[in-house]
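Notes for the one structure printed next.
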Amino acid sequence: MKMNNDPLLSVKDLRTCFRTTNGLARAVDGISFDIPAGKTLALVGESGCGKSVTALSIMRLIQEPAGYIAGDRIIFQGQDLLKLSKRKMREIRGNRISMIFQEPMTSLNPVMTIGEQIMEVIQLHRGLSKKEALGLAVEMLNQVKIPDPAIRISEYPHQLSGGMKQRVMIAIALSCEPDLLIADEPTTSLDVTVQAQILMLMKELQQKEGTAILLITHDIAVVYEVADYITVMYAGRAIEQAKRSRFFRHACHPYTTRLFESLPSMDKRNEQLSTIPGRVPDPTRYPEGCRFADRCHLAFDRCNKEDPKMRFIEKGHSIACHLENAPAISTATATITRKTEGRATYTSSPLVSVKDLKIYYPIRKGLLKSIVGHVKAVDGIDISIGQGETLALVGESGCGKTTMGRGILRLIDITCGTIHFNNIDIMHISGSKLRRLRKDMQIMFQDPYGSLNPRMMVNQIISEGLISQGIGGNKKERDNIVKELMDQVGLDPGMIHRYPHEFSGGQRQRIGIARFLAVKPKFVVCDEVTSALDVSVQAQILNLLKTLQQREDLSYLFITHNLSVVTYIADLVAVMYLGKIVERGTIREVFDTPGHPYTQALLAASPCIGEDGRKKIFLEGEVPSPVNPPEGCHFHPRCPKVMPGCRKVYPGQYSLSETHSTRCWLYE
Amino acid sequence: MEIKLVFLWTDMLIYLLLLSAIGFAVYSIRFEHLRSPWRQVAHNRLAMVAGFVLFCYIIIGLCDSIHFQERAADEKGQIVKDSQGGIIYKPDVLSVLDILVTSIRENTEDSYSAPLATHSYSMKNITLPDGKQIRTYAKLKYEGKHLFGTDKVGMDVFYRALKGIRTGIVIGTLTTLIMLPFAIMTGIMAGYFKGWVDDLIQYIYTTLSSIPGVLLIASAILMLQVYMDTHADRFENIIIRADTRLFFLCVILGVSSWTGLCRILRGETLKLMEMEYVQASMALGVGHFKILLKHIIPNIMHIVLISVVLDFSGLVLAEAVLSYVGVGVDPTMESWGNMINAARLELAREPIVWWNLAAAFILMFGLVLSANLFADAVRDAFDPRLRTK
Amino acid sequence: MHTYIIRRILYAIPILIGINIITFILFFVINTPDQMARLHLGMKRVTPEAIEKWKEDHNYHLPIFWNGSESGIKKITQTIFYQKSAGLFIFRFGKSDEGRDIAHEITQRMWPSLAIAIPTFIIGLMVNITVSLFIAFVRGSYLDMVTMIWCVIIMSISGLFYIIGGQFLFGKILNLVPISGYDSGISVFKFVVLPVLIGVIGGIGSGVRWYRTIFLEEIGKDYIRTARAKGLTETRVLFKHALKNALIPILTGVVVVIPQLFMGSLVMEAFFGIPGLGSYTIDAIRSQDFGIVRAMVFLGAMLYIIGLILTDICYSWVDPRIRFE
Ligand code: SF4
Ligand code: SF4
């Protein structure tokens, strides 16, 4: 044990620049922080603030010559990493400092076995023989809790699930017992139940090995669960640093407090979420004064002239802000509670009513490609949504929720079932009749980039529906409607002749909203519409959707995996697992008294600020492939409460209240 | 001087192509997504130099694509008429280029002469004014005027090489023009409608592309040859004969290069169909035709453009090989392939005659190199995959 | 996997039938047998009897698709289509105009073609991969730029010039190798070396450019970043990680041409006087021997389809993502 008090890693005024066609981009522009040995520092911030570049700079993996490190020092165990020779640096990489990345799918070499990839780093840094390395590799797989490591070791990455791959990445990273592990958004692309597993694993290994962790994330709730120290980044700099205990009670930089306030939660249901207007400044052109000034609700004269320096406001808590007494976050806003009233209205005749919807995809095999089975993406689902209601469809990836959303609108072929919209059977109409009906039922997508045709101008995009539905006369009148719509969704109507790439992600989602609003629909399927957005932008979009709903009496089918968004926006919720709805009810019912073991696990697994004593339920494994779901209750291989009967027959629906029901044998 | 315009098939198609290129340019100006890559090309100095060279070639090719016949005249310059008083035209068909370079065209020697030479290449018996006969290197009629020398019959080699430009350009561009509508239509249809349409189109292009290109062309040209021989009456003169053959060569080359583009477009359309904006417009009730027109075609145009410019140089090179094999353009037609073919024997002469080959080489290399450089710049500018880097 | 390959082979059948029909139409329908006879007998001055005789000799006297005058199965078999097409499937190519058996000629002439094509292919592939890998290593440098410009220049020169220039330089001026010809046994080397060299040089431009793009694409991928984060040297990252992945598209891209190596290269063989299939074809084209041309079309198409099937097999063999499906 080292006895000195020097931190393990000390980053001092780090600056990293990239040469771009628009000039020099100062992606990281003078950030400083320390990581003590064995502790976790979380680097938080929205996309484009320079978090990942900071991590890559520490590893000295910035791609030259486009990018370079301009200054100043990165002291790791007493030596300045920036002064080391390339060879010396390679000895540190993967050995003393190692790194895991966001995308486990692509971060492993697809043509090398798991074993080769782990052994490679072991042999390189530890100088072990092949045999010893193999033994150690198996041992590492065991440590990261991969079942049957001796078999898995000779498998290829594509044979493993996403969570397993991330475990392998961790095994590679930890196999030389590094002093520092840099984890760049390690769980962002994983499902919540898997995220909980991975975070837990990292924590356990940290305790065992005493590794320090630099965790890079955009998710404050994840930070709450694992970090010891927190650094908030904005526009290439640190703007607030504190210990965890202090941070979640006394964070006071205006940006940080606004971030907290923009988190959706149940107790904010009846109010608008706070948002941060504008966007992060362009790294090639930072403003002179405070970089947050044009978005700051507390900005005053001095902010535009003078650049605020980091200063301590308390021991171990510093901010970069001119405000003397910056108001701290209130505990209430920092806490995502799930225990307040939720509105739940039920209209007697539903607007949309789906009965026994099935969407199967044939699996073809053999010489003649005969159908040998079906992937039951959606397997007998009933839902109904009333006028002005929001039904949230939640579930992990691969559960069939997106297929379901497109099926309801008949954008894909349906195997069987009935769909009534406004008491019209839309299963049996087609051609122009269906086309006319589409006016009332719309969809909005997740990907702000893929959902707008890059070759069309905004007015063409928004007026597409007007033309196809024959609304709004000639081009001039249509343009006027478009301008009005843009104004409604908070876009500058002067931008109607711009192309999508000139807009930010949030603005693009607004265009998507204007596109469906144009035809004045009654029902909208929102498919993960905020998943690709930063929280502050997410809040803007949620606010907008909510306002529109109240004004136009819209009904939403809100498809998402983000539970806090659900608590904020939805009235009713349906939980999906492998093509079936396992539990449904009002928000309160499902979130306060979850019945199905899967719902319980899902709620427990999603990270949450302010619920320290919460009992965690860790689910084993991951969602199985829908190609051959487990016999009986699909959830039984992972269910903590599994009973022998569960393995045979799929449970029927059991009512827990008038509106709350679940499909689990526990309630028979 | 009275003239009669002669409209050859390929001439008309070349000008049709020119019109559509202008049309495309006008269309491009209206759309930023087409304009900005062109701006990027314009910023690339190498590409602009290449583009300029290409432009010169094209201008020459276009001048060489306006054909006419002059009225026949006797030695005294008197216009001749036939027995009924009808107008008679000279049998040889000229082009605007021929007129522009009349001096080179008409400066013929007796036989070979080296580039810029003043005396003939081989010794000759000549009669001196005093009646004595000597064997010597005769003085040329046009001393030092032949940039690339003259050929066997004394024709200026530079002129012949210039005439080869049109052939190269016609093959490089008309082929694409002919196959383009077909490739776009089938590629998009296969990707859009899927099912049996897709199966059928895939079957057709796999079948066609499995026949080795040269052999397919050879077979087709041989058959055309037989057809033209047996129906000689339908082809008035050599020029029309050669032109028909050139046209069919383009068609056949088009058939064999159609498959590649079709396959790429099919794949791209399949990808686009999964894009959320296509789904969104389906959800808005937009019809098939509109979706194809607004969402699919604009998003594959850059691929079409890239493949057009990339194919060009390959086709020019292919012409030479095919002519060498004997299934290219008509042997009477001026083309680089025919020049190279003829030059083979000349290389075996002692001392060797190399300038025919050199002229064809230099002009061809200039065209292909500039086309390649220009195509690279266009691809870099239009291929979004490269642009993100 | 096996069923997959069998299905691929079955899928080849309709394609071969399609090719058969296309060539049949090309060779027998566009021009009538009478016209063919005239052409071969020397245009105008032929008697009808001579034409009939020629057609009789070449089995051209039958109806094209359907023989109404025969009975039963012979209605189909006693037609030009059947007589001329069915044999192709079992490699009965018939006789050339000179009366030689085409199938036999092909088996004879295959070897010289392979003697040129295989070394050209292998050496070319190795040279291209080595150069492009090196270029990928020094990517973005001055050397990279210069090499790329040279590649464009090499690509822009017609193959004919390489051959003519090569023959002139090595054969005539330097007198290192014979200009053309072929021999059996060990002395074949001196005849083969120049065509192979020219083949390799001619292909370098496009090959290096293509492979370089593949390598650069691989280098941009996430797993390369992981490999660097492990502390591996740049050479190891490139040679172990990138190369292994890049070989997949490279291999699958070149496998398709392997069966076609049999066909030889038309121009190369003609210039160098190599008695292979390429020069066989070219001679047939020049002497308008349709029997041979048609046989070569069919053979070439069949080899291409074999190439496609091999590509699929090879793909599933080198790529673990498919191997374990
Ligand atoms: S310095 Fe001024 S603008 Fe910047 S965060 Fe503080 S109050 Fe806001
Ligand atoms: S039915 Fe059984 S296995 Fe399924 S969720 Fe209920 S208790 Fe668990």
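If you're wondering about the labels, chains in the structure tokens are A, B, ... by order shown, residues count from 1 in each chain, ligands from 1 in order shown.
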query = Within 10 Å of ligand 2, counting only C-alpha atoms and all ligand atoms: which residues, as number ranges by chain?
reply = A: 582, 595-599, 632-652, 662-668
**Q.** Distance-based interface of chain C with chain A, 6 Å, counting only C-alpha atoms, as an NGL selection string
**A.** :C and (3 or 7 or 222-223 or 229-231)
- request: Please extract the residues at most 7 Å from ligand 1, counting only C-alpha atoms and all ligand atoms, and provide them as a count of residues only, using the chain letters and residue numbers of this document.
  value: 19
**Asked** When the cut-off is 8 Å and we count only C-alpha atoms, which residues of chain B are near chain A, given as a PyMOL selection string?
**Response** chain B and resi 33+275-287+295+298-299
Taking only C-alpha atoms into account, produce a table as CSV in which each residue of chain C with an atom at most 9 Å from an atom of chain B appears once, together with its shortest atom pair and the distance in Å to one decimal, ordered by chain and rising number.
residue,atom,partner,partner_atom,distance
C:Pro14,CA,B:Tyr203,CA,8.5
C:Ile15,CA,B:Thr207,CA,5.3
C:Leu16,CA,B:Thr207,CA,7.5
C:Gly18,CA,B:Thr207,CA,6.4
C:Ile19,CA,B:Thr207,CA,6.2
C:Ile22,CA,B:Leu208,CA,8.7
C:Thr23,CA,B:Ser219,CA,8.2
C:Leu26,CA,B:Ala220,CA,6.7
C:Phe27,CA,B:Met223,CA,6.9
C:Ile30,CA,B:Met223,CA,7.3
C:Asn31,CA,B:Tyr227,CA,6.5
C:Gln35,CA,B:Thr230,CA,6.9
C:Met36,CA,B:Val226,CA,7.7
C:Arg38,CA,B:Thr230,CA,8.6
C:Leu39,CA,B:Val226,CA,7.2
C:Met43,CA,B:Thr230,CA,8.1
C:Val152,CA,B:Asn372,CA,6.9
C:Ile153,CA,B:Leu369,CA,6.4
C:Met155,CA,B:Leu369,CA,8.0
C:Ser156,CA,B:Leu369,CA,5.0
C:Ile157,CA,B:Phe365,CA,5.9
C:Ser158,CA,B:Leu317,CA,5.7
C:Gly159,CA,B:Val321,CA,7.9
C:Leu160,CA,B:Val321,CA,7.0
C:Phe161,CA,B:Phe361,CA,7.6
C:Ile164,CA,B:Arg344,CA,7.7
C:Phe168,CA,B:Leu347,CA,8.4
C:Gly220,CA,B:Lys389,CA,8.8
C:Leu266,CA,B:Val325,CA,7.9
C:Val267,CA,B:Val325,CA,7.2
C:Ala270,CA,B:Val325,CA,8.9
C:Thr281,CA,B:Leu215,CA,8.5
C:Ile282,CA,B:Val325,CA,6.5
C:Asp283,CA,B:Val325,CA,9.0
C:Ile285,CA,B:Ala218,CA,6.9
C:Arg286,CA,B:Gly326,CA,6.6
C:Gln288,CA,B:Leu222,CA,7.1
C:Phe290,CA,B:Ser219,CA,8.0
C:Val293,CA,B:Ser219,CA,7.1
C:Arg294,CA,B:Ser219,CA,7.8
C:Met296,CA,B:Leu215,CA,7.7
C:Val297,CA,B:Leu215,CA,6.0
C:Phe298,CA,B:Ile211,CA,7.4
C:Leu299,CA,B:Ile211,CA,8.9
C:Gly300,CA,B:Pro212,CA,5.9
C:Ala301,CA,B:Ile211,CA,4.6
C:Met302,CA,B:Ser210,CA,7.5
C:Leu303,CA,B:Ser210,CA,8.4
C:Tyr304,CA,B:Ser210,CA,5.6
C:Ile305,CA,B:Ser210,CA,6.5
Serialized selection, N, CA and C atoms, as a compact mmCIF listing (two decimals), in the first residue's frame:
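Wrote it out as part_2.txt, contents follow:
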# COMPACT_ATOMS: atom_id res chain seq x y z
N PRO C 14 -31.09 -23.17 -63.18
CA PRO C 14 -31.86 -22.26 -64.04
C PRO C 14 -30.99 -21.20 -64.70
N ILE C 15 -29.93 -20.81 -64.02
CA ILE C 15 -29.06 -19.78 -64.62
C ILE C 15 -28.36 -20.36 -65.84
N LEU C 16 -27.88 -21.59 -65.73
CA LEU C 16 -27.22 -22.21 -66.88
C LEU C 16 -28.20 -22.38 -68.03
N GLY C 18 -30.70 -20.48 -68.59
CA GLY C 18 -30.88 -19.12 -69.12
C GLY C 18 -29.76 -18.75 -70.07
N ILE C 19 -28.54 -19.07 -69.67
CA ILE C 19 -27.39 -18.75 -70.52
C ILE C 19 -27.50 -19.50 -71.84
N ILE C 22 -29.96 -17.77 -74.02
CA ILE C 22 -29.43 -16.50 -74.55
C ILE C 22 -28.46 -16.77 -75.69
N THR C 23 -27.52 -17.68 -75.48
CA THR C 23 -26.54 -17.92 -76.54
C THR C 23 -27.23 -18.55 -77.74
N LEU C 26 -28.77 -15.84 -79.65
CA LEU C 26 -27.73 -15.07 -80.31
C LEU C 26 -27.22 -15.76 -81.57
N PHE C 27 -26.98 -17.07 -81.43
CA PHE C 27 -26.28 -17.75 -82.52
C PHE C 27 -27.21 -18.35 -83.58
N ILE C 30 -31.12 -15.00 -84.41
CA ILE C 30 -30.95 -13.70 -85.05
C ILE C 30 -30.64 -13.88 -86.53
N ASN C 31 -29.77 -14.83 -86.84
CA ASN C 31 -29.48 -15.12 -88.23
C ASN C 31 -29.99 -16.52 -88.55
N GLN C 35 -28.68 -18.06 -93.75
CA GLN C 35 -27.70 -16.98 -93.76
C GLN C 35 -26.34 -17.47 -93.29
N MET C 36 -26.40 -18.34 -92.28
CA MET C 36 -25.14 -18.88 -91.77
C MET C 36 -24.44 -19.68 -92.86
N ARG C 38 -24.72 -19.40 -96.04
CA ARG C 38 -24.18 -18.49 -97.05
C ARG C 38 -22.86 -17.90 -96.59
N LEU C 39 -22.88 -17.46 -95.35
CA LEU C 39 -21.68 -16.83 -94.82
C LEU C 39 -20.48 -17.77 -94.91
N MET C 43 -20.79 -16.11 -99.30
CA MET C 43 -21.77 -15.16 -99.79
C MET C 43 -22.57 -15.58 -101.03
N VAL C 152 -3.05 5.62 -59.91
CA VAL C 152 -3.97 6.16 -60.91
C VAL C 152 -3.30 6.14 -62.28
N ILE C 153 -2.02 6.48 -62.29
CA ILE C 153 -1.33 6.51 -63.59
C ILE C 153 -1.28 5.10 -64.18
N MET C 155 -3.22 2.70 -63.63
CA MET C 155 -4.57 2.31 -64.04
C MET C 155 -4.99 2.94 -65.36
N SER C 156 -4.41 4.08 -65.64
CA SER C 156 -4.88 4.83 -66.80
C SER C 156 -4.22 4.39 -68.11
N ILE C 157 -3.31 3.44 -68.01
CA ILE C 157 -2.64 2.99 -69.23
C ILE C 157 -3.29 1.69 -69.69
N SER C 158 -3.60 1.66 -70.97
CA SER C 158 -4.26 0.46 -71.50
C SER C 158 -3.33 -0.74 -71.39
N GLY C 159 -3.93 -1.88 -71.07
CA GLY C 159 -3.16 -3.11 -70.96
C GLY C 159 -2.36 -3.42 -72.22
N LEU C 160 -2.89 -3.00 -73.36
CA LEU C 160 -2.19 -3.27 -74.61
C LEU C 160 -0.80 -2.64 -74.61
N PHE C 161 -0.69 -1.46 -74.00
CA PHE C 161 0.61 -0.79 -73.98
C PHE C 161 1.61 -1.53 -73.12
N ILE C 164 2.75 -4.40 -75.34
CA ILE C 164 3.61 -3.97 -76.44
C ILE C 164 4.93 -3.43 -75.89
N PHE C 168 8.61 -5.06 -76.28
CA PHE C 168 9.62 -4.26 -76.96
C PHE C 168 10.87 -4.14 -76.11
N GLY C 220 -10.42 2.06 -39.28
CA GLY C 220 -11.33 2.99 -38.63
C GLY C 220 -12.29 2.33 -37.64
N LEU C 266 -7.39 -13.37 -73.13
CA LEU C 266 -7.44 -13.28 -74.59
C LEU C 266 -6.23 -12.56 -75.15
N VAL C 267 -6.05 -11.32 -74.70
CA VAL C 267 -5.07 -10.45 -75.31
C VAL C 267 -3.66 -10.95 -75.02
N ALA C 270 -2.79 -13.99 -77.00
CA ALA C 270 -2.68 -13.71 -78.43
C ALA C 270 -1.35 -13.02 -78.73
N THR C 281 -9.89 -18.84 -78.20
CA THR C 281 -11.11 -18.06 -78.35
C THR C 281 -10.92 -16.95 -79.37
N ILE C 282 -9.82 -16.27 -79.24
CA ILE C 282 -9.61 -15.13 -80.12
C ILE C 282 -9.52 -15.59 -81.57
N ASP C 283 -8.85 -16.71 -81.78
CA ASP C 283 -8.78 -17.23 -83.14
C ASP C 283 -10.17 -17.59 -83.64
N ILE C 285 -12.95 -16.28 -82.72
CA ILE C 285 -13.71 -15.06 -83.01
C ILE C 285 -13.29 -14.52 -84.38
N ARG C 286 -11.99 -14.53 -84.62
CA ARG C 286 -11.52 -13.96 -85.87
C ARG C 286 -11.91 -14.80 -87.08
N GLN C 288 -14.56 -16.57 -87.10
CA GLN C 288 -16.01 -16.70 -86.99
C GLN C 288 -16.45 -18.15 -86.85
N PHE C 290 -18.40 -20.24 -84.83
CA PHE C 290 -19.40 -20.04 -83.77
C PHE C 290 -19.47 -21.18 -82.78
N VAL C 293 -16.91 -20.39 -80.10
CA VAL C 293 -17.29 -19.24 -79.30
C VAL C 293 -18.40 -19.62 -78.33
N ARG C 294 -19.38 -20.34 -78.84
CA ARG C 294 -20.50 -20.71 -78.00
C ARG C 294 -20.05 -21.63 -76.86
N MET C 296 -17.17 -21.64 -75.48
CA MET C 296 -16.43 -20.84 -74.51
C MET C 296 -17.38 -19.98 -73.68
N VAL C 297 -18.42 -19.45 -74.30
CA VAL C 297 -19.39 -18.68 -73.53
C VAL C 297 -19.98 -19.54 -72.43
N PHE C 298 -20.38 -20.74 -72.81
CA PHE C 298 -21.01 -21.61 -71.83
C PHE C 298 -20.02 -22.00 -70.73
N LEU C 299 -18.81 -22.33 -71.16
CA LEU C 299 -17.79 -22.72 -70.19
C LEU C 299 -17.49 -21.57 -69.23
N GLY C 300 -17.33 -20.38 -69.80
CA GLY C 300 -17.02 -19.22 -68.97
C GLY C 300 -18.11 -18.95 -67.95
N ALA C 301 -19.36 -19.03 -68.40
CA ALA C 301 -20.47 -18.78 -67.49
C ALA C 301 -20.50 -19.81 -66.39
N MET C 302 -20.25 -21.05 -66.77
CA MET C 302 -20.27 -22.11 -65.76
C MET C 302 -19.17 -21.88 -64.73
N LEU C 303 -17.99 -21.50 -65.20
CA LEU C 303 -16.89 -21.25 -64.27
C LEU C 303 -17.20 -20.07 -63.36
N TYR C 304 -17.88 -19.07 -63.91
CA TYR C 304 -18.25 -17.93 -63.08
C TYR C 304 -19.19 -18.36 -61.96
N ILE C 305 -20.15 -19.20 -62.33
CA ILE C 305 -21.10 -19.64 -61.32
C ILE C 305 -20.40 -20.50 -60.27
Query - Shell around Asp183 of chain C at 10 Å using only C-alpha atoms, local window under 2 positions removed, as JSON, numbers by chain - result: {"C": [112, 181, 185, 186, 187, 188, 189, 190, 191, 192, 274, 275]}
Write the residues of the preceding selection, restricted to N, CA, C and O atoms, as a PDB file, in the first residue's frame.
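again-v2.pdb, freshly written:
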ATOM      1  N   PRO C 112      -1.583 -24.452 -70.843  1.00  0.00           N
ATOM      2  CA  PRO C 112      -0.815 -23.222 -71.051  1.00  0.00           C
ATOM      3  C   PRO C 112      -1.499 -22.002 -70.441  1.00  0.00           C
ATOM      4  O   PRO C 112      -0.840 -21.134 -69.866  1.00  0.00           O
ATOM      5  N   GLY C 181       5.821 -17.213 -77.992  1.00  0.00           N
ATOM      6  CA  GLY C 181       6.010 -18.647 -78.183  1.00  0.00           C
ATOM      7  C   GLY C 181       5.721 -19.403 -76.900  1.00  0.00           C
ATOM      8  O   GLY C 181       5.388 -18.814 -75.864  1.00  0.00           O
ATOM      9  N   GLY C 185       7.641 -28.461 -70.647  1.00  0.00           N
ATOM     10  CA  GLY C 185       8.730 -28.770 -69.731  1.00  0.00           C
ATOM     11  C   GLY C 185       9.271 -27.526 -69.052  1.00  0.00           C
ATOM     12  O   GLY C 185       8.611 -26.486 -68.982  1.00  0.00           O
ATOM     13  N   ILE C 186      10.517 -27.624 -68.616  1.00  0.00           N
ATOM     14  CA  ILE C 186      11.072 -26.588 -67.762  1.00  0.00           C
ATOM     15  C   ILE C 186      11.338 -25.298 -68.527  1.00  0.00           C
ATOM     16  O   ILE C 186      11.262 -24.206 -67.993  1.00  0.00           O
ATOM     17  N   SER C 187      11.597 -25.432 -69.826  1.00  0.00           N
ATOM     18  CA  SER C 187      11.923 -24.239 -70.604  1.00  0.00           C
ATOM     19  C   SER C 187      10.730 -23.326 -70.791  1.00  0.00           C
ATOM     20  O   SER C 187      10.864 -22.229 -71.330  1.00  0.00           O
ATOM     21  N   VAL C 188       9.593 -23.776 -70.297  1.00  0.00           N
ATOM     22  CA  VAL C 188       8.409 -22.931 -70.410  1.00  0.00           C
ATOM     23  C   VAL C 188       8.597 -21.634 -69.635  1.00  0.00           C
ATOM     24  O   VAL C 188       8.017 -20.606 -69.948  1.00  0.00           O
ATOM     25  N   PHE C 189       9.481 -21.708 -68.644  1.00  0.00           N
ATOM     26  CA  PHE C 189       9.672 -20.563 -67.750  1.00  0.00           C
ATOM     27  C   PHE C 189       9.961 -19.260 -68.513  1.00  0.00           C
ATOM     28  O   PHE C 189       9.355 -18.237 -68.264  1.00  0.00           O
ATOM     29  N   LYS C 190      10.880 -19.369 -69.481  1.00  0.00           N
ATOM     30  CA  LYS C 190      11.281 -18.133 -70.160  1.00  0.00           C
ATOM     31  C   LYS C 190      10.159 -17.544 -71.004  1.00  0.00           C
ATOM     32  O   LYS C 190      10.147 -16.344 -71.283  1.00  0.00           O
ATOM     33  N   PHE C 191       9.205 -18.395 -71.359  1.00  0.00           N
ATOM     34  CA  PHE C 191       8.078 -17.855 -72.114  1.00  0.00           C
ATOM     35  C   PHE C 191       7.009 -17.250 -71.204  1.00  0.00           C
ATOM     36  O   PHE C 191       6.242 -16.410 -71.617  1.00  0.00           O
ATOM     37  N   VAL C 192       6.996 -17.765 -69.996  1.00  0.00           N
ATOM     38  CA  VAL C 192       5.913 -17.386 -69.103  1.00  0.00           C
ATOM     39  C   VAL C 192       6.245 -16.114 -68.331  1.00  0.00           C
ATOM     40  O   VAL C 192       5.370 -15.314 -68.030  1.00  0.00           O
ATOM     41  N   ILE C 274       0.716 -17.817 -76.994  1.00  0.00           N
ATOM     42  CA  ILE C 274       0.599 -18.955 -76.089  1.00  0.00           C
ATOM     43  C   ILE C 274      -0.612 -19.779 -76.487  1.00  0.00           C
ATOM     44  O   ILE C 274      -1.714 -19.229 -76.634  1.00  0.00           O
ATOM     45  N   PRO C 275      -0.431 -21.052 -76.687  1.00  0.00           N
ATOM     46  CA  PRO C 275      -1.528 -21.872 -77.219  1.00  0.00           C
ATOM     47  C   PRO C 275      -2.537 -22.235 -76.135  1.00  0.00           C
ATOM     48  O   PRO C 275      -2.781 -23.402 -75.861  1.00  0.00           O
TER      49      PRO C 275
END
